[in-house]
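Visitor: TSV, N, CA and C atoms, saved as start-v5.tsv, coming up:
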```
chain	number	residue	atom	x	y	z
A	1	MET	N	131.95	128.59	32.75
A	1	MET	CA	131.85	129.40	33.93
A	1	MET	C	130.57	130.21	33.85
A	2	ARG	N	129.90	130.34	34.93
A	2	ARG	CA	128.68	131.15	34.99
A	2	ARG	C	129.02	132.57	35.40
A	3	THR	N	128.28	133.51	34.84
A	3	THR	CA	128.43	134.91	35.23
A	3	THR	C	127.10	135.61	35.03
A	4	THR	N	126.96	136.77	35.61
A	4	THR	CA	125.73	137.55	35.46
A	4	THR	C	126.11	138.91	34.90
A	5	ILE	N	125.38	139.34	33.87
A	5	ILE	CA	125.62	140.67	33.30
A	5	ILE	C	124.28	141.35	33.05
A	6	ASP	N	124.29	142.68	33.08
A	6	ASP	CA	123.10	143.46	32.74
A	6	ASP	C	123.16	143.79	31.25
A	7	ILE	N	122.09	143.47	30.56
A	7	ILE	CA	121.98	143.76	29.13
A	7	ILE	C	120.72	144.59	28.94
A	8	PRO	N	120.80	145.69	28.18
A	8	PRO	CA	119.60	146.47	27.93
A	8	PRO	C	118.48	145.59	27.35
A	9	ASP	N	117.25	145.84	27.79
A	9	ASP	CA	116.10	145.00	27.40
A	9	ASP	C	115.97	144.84	25.89
A	10	GLU	N	116.07	145.95	25.16
A	10	GLU	CA	115.91	145.87	23.69
A	10	GLU	C	117.00	145.02	23.06
A	11	LEU	N	118.23	145.17	23.54
A	11	LEU	CA	119.33	144.38	22.99
A	11	LEU	C	119.12	142.90	23.26
A	12	LEU	N	118.66	142.57	24.45
A	12	LEU	CA	118.39	141.18	24.78
A	12	LEU	C	117.28	140.61	23.90
A	13	LYS	N	116.22	141.38	23.68
A	13	LYS	CA	115.14	140.92	22.80
A	13	LYS	C	115.66	140.68	21.39
A	14	ASP	N	116.46	141.63	20.89
A	14	ASP	CA	117.02	141.48	19.54
A	14	ASP	C	117.92	140.25	19.45
A	15	ALA	N	118.73	140.03	20.49
A	15	ALA	CA	119.64	138.89	20.49
A	15	ALA	C	118.87	137.57	20.52
A	16	LYS	N	117.81	137.51	21.32
A	16	LYS	CA	117.00	136.29	21.37
A	16	LYS	C	116.33	136.04	20.02
A	17	ARG	N	115.85	137.10	19.39
A	17	ARG	CA	115.23	136.98	18.07
A	17	ARG	C	116.26	136.48	17.05
A	18	LYS	N	117.46	137.05	17.10
A	18	LYS	CA	118.53	136.64	16.18
A	18	LYS	C	118.88	135.17	16.39
A	19	ALA	N	118.94	134.74	17.64
A	19	ALA	CA	119.25	133.34	17.93
A	19	ALA	C	118.20	132.42	17.33
A	20	LEU	N	116.93	132.80	17.45
A	20	LEU	CA	115.86	131.99	16.86
A	20	LEU	C	115.98	131.93	15.35
A	21	GLU	N	116.25	133.09	14.73
A	21	GLU	CA	116.38	133.15	13.27
A	21	GLU	C	117.53	132.27	12.78
A	22	GLU	N	118.60	132.22	13.55
A	22	GLU	CA	119.78	131.46	13.14
A	22	GLU	C	119.79	130.04	13.70
A	23	ASP	N	118.69	129.66	14.35
A	23	ASP	CA	118.57	128.32	14.93
A	23	ASP	C	119.76	128.00	15.84
A	24	THR	N	120.06	128.96	16.73
A	24	THR	CA	121.14	128.78	17.68
A	24	THR	C	120.65	129.25	19.05
A	25	THR	N	121.54	129.39	19.99
A	25	THR	CA	121.16	129.80	21.33
A	25	THR	C	121.72	131.18	21.65
A	26	LEU	N	121.12	131.83	22.62
A	26	LEU	CA	121.63	133.11	23.09
A	26	LEU	C	123.06	132.92	23.61
A	27	ARG	N	123.28	131.83	24.30
A	27	ARG	CA	124.62	131.54	24.81
A	27	ARG	C	125.64	131.51	23.68
A	28	GLN	N	125.31	130.84	22.58
A	28	GLN	CA	126.24	130.74	21.46
A	28	GLN	C	126.49	132.09	20.82
A	29	LEU	N	125.45	132.92	20.70
A	29	LEU	CA	125.64	134.27	20.16
A	29	LEU	C	126.59	135.09	21.02
A	30	VAL	N	126.43	135.00	22.34
A	30	VAL	CA	127.30	135.74	23.26
A	30	VAL	C	128.74	135.24	23.13
A	31	ILE	N	128.92	133.93	23.08
A	31	ILE	CA	130.26	133.36	22.93
A	31	ILE	C	130.91	133.86	21.64
A	32	GLU	N	130.17	133.82	20.52
A	32	GLU	CA	130.73	134.26	19.25
A	32	GLU	C	131.07	135.74	19.29
A	33	GLY	N	130.23	136.55	19.90
A	33	GLY	CA	130.51	137.98	20.01
A	33	GLY	C	131.75	138.25	20.84
A	34	LEU	N	131.90	137.55	21.95
A	34	LEU	CA	133.09	137.72	22.79
A	34	LEU	C	134.34	137.24	22.07
A	35	GLN	N	134.23	136.16	21.31
A	35	GLN	CA	135.39	135.68	20.56
A	35	GLN	C	135.82	136.70	19.52
A	36	LEU	N	134.87	137.31	18.85
A	36	LEU	CA	135.21	138.32	17.85
A	36	LEU	C	135.93	139.50	18.51
A	37	ARG	N	135.43	139.93	19.64
A	37	ARG	CA	136.01	141.09	20.32
A	37	ARG	C	137.34	140.78	20.98
A	38	SER	N	137.53	139.56	21.45
A	38	SER	CA	138.75	139.22	22.17
A	38	SER	C	139.80	138.57	21.28
A	39	HIS	N	139.45	138.33	20.03
A	39	HIS	CA	140.35	137.69	19.05
A	39	HIS	C	140.66	136.25	19.42
A	40	ALA	N	139.83	135.65	20.25
A	40	ALA	CA	140.03	134.24	20.59
A	40	ALA	C	139.74	133.41	19.35
A	41	PRO	N	140.47	132.32	19.18
A	41	PRO	CA	140.19	131.48	18.02
A	41	PRO	C	138.76	130.95	18.07
A	42	LYS	N	138.12	131.02	16.95
A	42	LYS	CA	136.73	130.56	16.85
A	42	LYS	C	136.73	129.23	16.11
A	43	SER	N	136.13	128.25	16.72
A	43	SER	CA	136.03	126.99	16.02
A	43	SER	C	134.90	127.11	15.01
A	44	ARG	N	135.20	126.81	13.79
A	44	ARG	CA	134.17	126.85	12.76
A	44	ARG	C	134.43	125.74	11.77
A	45	GLN	N	133.37	125.29	11.22
A	45	GLN	CA	133.48	124.24	10.23
A	45	GLN	C	133.76	124.91	8.90
A	46	LYS	N	134.88	124.55	8.31
A	46	LYS	CA	135.22	125.13	7.01
A	46	LYS	C	134.43	124.41	5.93
A	47	ILE	N	134.01	125.19	4.96
A	47	ILE	CA	133.29	124.61	3.83
A	47	ILE	C	134.14	124.76	2.58
A	48	GLU	N	133.89	123.91	1.63
A	48	GLU	CA	134.57	124.02	0.35
A	48	GLU	C	133.75	124.94	-0.55
A	49	PHE	N	134.38	126.01	-1.01
A	49	PHE	CA	133.70	126.91	-1.91
A	49	PHE	C	133.67	126.30	-3.31
A	50	PRO	N	132.62	126.57	-4.06
A	50	PRO	CA	132.57	126.04	-5.42
A	50	PRO	C	133.64	126.69	-6.29
A	51	ILE	N	134.12	125.93	-7.23
A	51	ILE	CA	135.10	126.48	-8.16
A	51	ILE	C	134.35	127.28	-9.22
A	52	VAL	N	134.79	128.50	-9.41
A	52	VAL	CA	134.18	129.36	-10.42
A	52	VAL	C	135.27	129.72	-11.42
A	53	ARG	N	135.00	129.44	-12.65
A	53	ARG	CA	135.99	129.75	-13.69
A	53	ARG	C	135.43	130.86	-14.57
A	54	SER	N	136.31	131.76	-14.92
A	54	SER	CA	135.91	132.87	-15.78
A	54	SER	C	137.04	133.20	-16.72
A	55	LYS	N	136.69	133.58	-17.92
A	55	LYS	CA	137.70	133.95	-18.91
A	55	LYS	C	137.85	135.47	-18.99
A	56	LYS	N	137.15	136.18	-18.10
A	56	LYS	CA	137.25	137.64	-18.10
A	56	LYS	C	138.64	138.06	-17.64
A	57	PRO	N	139.19	139.10	-18.27
A	57	PRO	CA	140.50	139.60	-17.82
A	57	PRO	C	140.39	140.12	-16.39
A	58	GLY	N	141.43	139.91	-15.62
A	58	GLY	CA	141.46	140.42	-14.26
A	58	GLY	C	140.76	139.54	-13.25
A	59	THR	N	140.32	138.36	-13.66
A	59	THR	CA	139.64	137.45	-12.75
A	59	THR	C	140.65	136.87	-11.76
A	60	LEU	N	140.29	136.87	-10.50
A	60	LEU	CA	141.16	136.28	-9.48
A	60	LEU	C	140.88	134.80	-9.36
A	61	HIS	N	141.91	134.04	-9.14
A	61	HIS	CA	141.78	132.61	-8.88
A	61	HIS	C	142.34	132.38	-7.49
A	62	LEU	N	141.47	132.07	-6.54
A	62	LEU	CA	141.87	131.91	-5.15
A	62	LEU	C	141.57	130.50	-4.66
A	63	THR	N	142.45	130.00	-3.82
A	63	THR	CA	142.20	128.72	-3.17
A	63	THR	C	141.25	128.95	-1.99
A	64	ASN	N	140.67	127.87	-1.49
A	64	ASN	CA	139.81	127.98	-0.31
A	64	ASN	C	140.57	128.61	0.86
A	65	GLU	N	141.82	128.22	1.04
A	65	GLU	CA	142.61	128.75	2.15
A	65	GLU	C	142.81	130.27	2.00
A	66	GLN	N	143.04	130.73	0.77
A	66	GLN	CA	143.18	132.17	0.54
A	66	GLN	C	141.88	132.90	0.83
A	67	ILE	N	140.76	132.29	0.47
A	67	ILE	CA	139.46	132.90	0.75
A	67	ILE	C	139.25	133.01	2.25
A	68	TYR	N	139.57	131.97	3.01
A	68	TYR	CA	139.42	132.02	4.47
A	68	TYR	C	140.35	133.06	5.08
A	69	ASP	N	141.57	133.19	4.55
A	69	ASP	CA	142.49	134.22	5.04
A	69	ASP	C	141.90	135.61	4.84
A	70	ILE	N	141.28	135.84	3.68
A	70	ILE	CA	140.66	137.13	3.39
A	70	ILE	C	139.49	137.36	4.34
A	71	LEU	N	138.64	136.35	4.52
A	71	LEU	CA	137.50	136.48	5.42
A	71	LEU	C	137.96	136.78	6.84
A	72	ASP	N	139.00	136.08	7.30
A	72	ASP	CA	139.51	136.30	8.66
A	72	ASP	C	140.07	137.71	8.80
A	73	SER	N	140.80	138.20	7.80
A	73	SER	CA	141.35	139.55	7.90
A	73	SER	C	140.24	140.60	7.84
A	74	ASP	N	139.18	140.35	7.08
A	74	ASP	CA	138.05	141.27	7.03
A	74	ASP	C	137.35	141.33	8.38
A	75	LEU	N	137.22	140.20	9.07
A	75	LEU	CA	136.60	140.18	10.40
A	75	LEU	C	137.41	141.02	11.37
A	76	LEU	N	138.75	140.91	11.30
A	76	LEU	CA	139.60	141.71	12.19
A	76	LEU	C	139.50	143.18	11.85
A	77	ASP	N	139.46	143.52	10.55
A	77	ASP	CA	139.35	144.91	10.13
A	77	ASP	C	138.03	145.51	10.59
A	78	SER	N	136.94	144.76	10.48
A	78	SER	CA	135.64	145.27	10.86
A	78	SER	C	135.51	145.41	12.37
A	79	ALA	N	136.37	144.71	13.11
A	79	ALA	CA	136.36	144.82	14.57
A	79	ALA	C	137.21	146.00	15.03
A	80	GLY	N	137.79	146.74	14.07
A	80	GLY	CA	138.55	147.93	14.40
A	80	GLY	C	140.03	147.67	14.64
A	81	HIS	N	140.56	146.60	14.04
A	81	HIS	CA	141.98	146.28	14.24
A	81	HIS	C	142.69	146.20	12.93
```
Show me the file's structure as structure tokens.

Guide:
Amino acid sequence: MRTTIDIPDELLKDAKRKALEEDTTLRQLVIEGLQLRSHAPKSRQKIEFPIVRSKKPGTLHLTNEQIYDILDSDLLDSAGH
């Protein structure tokens, strides 16, 4: 759907710069920002984290799914929820 919004000039410049740095589009940045704020499910490609082994006491051993759960909960916490 098309829509028109007013964005402060500096914010728009920063967003365009960020899109270039991340090799993405302004449209994609806006979509991701709205998804974060609206809690809409975000499609993302999951990656396999490398296995790290440590013999230090107190070392956590987490599965990839547990790591993604932590990352998802941190995103919600940082969004003020």

Visitor: For atom N of A:Asp14 and atom C of A:Ile70, quote the distance in Å rounded to one decimal.

Guide: 28.7 Å

Visitor: I'd like to know which of A:Ile31, A:Ser73, A:Ala15, A:Asp23 is closest to A:Met1, using only C-alpha atoms.

Guide: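 Among the listed residues, the smallest separation from A:Met1 belongs to A:Ile31.
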
Visitor: Atom CA of A:Glu32 and atom C of A:Thr63, how far apart in Å?

Guide: 24.3 Å

Visitor: Can you work out the spacing between atom N of A:Gln35 and atom CA of A:Pro8 in Å, to one decimal?

Guide: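 Spanning atom N of A:Gln35 to atom CA of A:Pro8 is a straight-line distance of 19.1 Å.
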
Visitor: List the neighbours of A:Leu12 out to 9 Å using only C-alpha atoms; skip same-chain residues closer than 5 positions along the sequence, and give me the result as a list in words.

Guide: Ile7, Arg17 and Leu26 of chain A
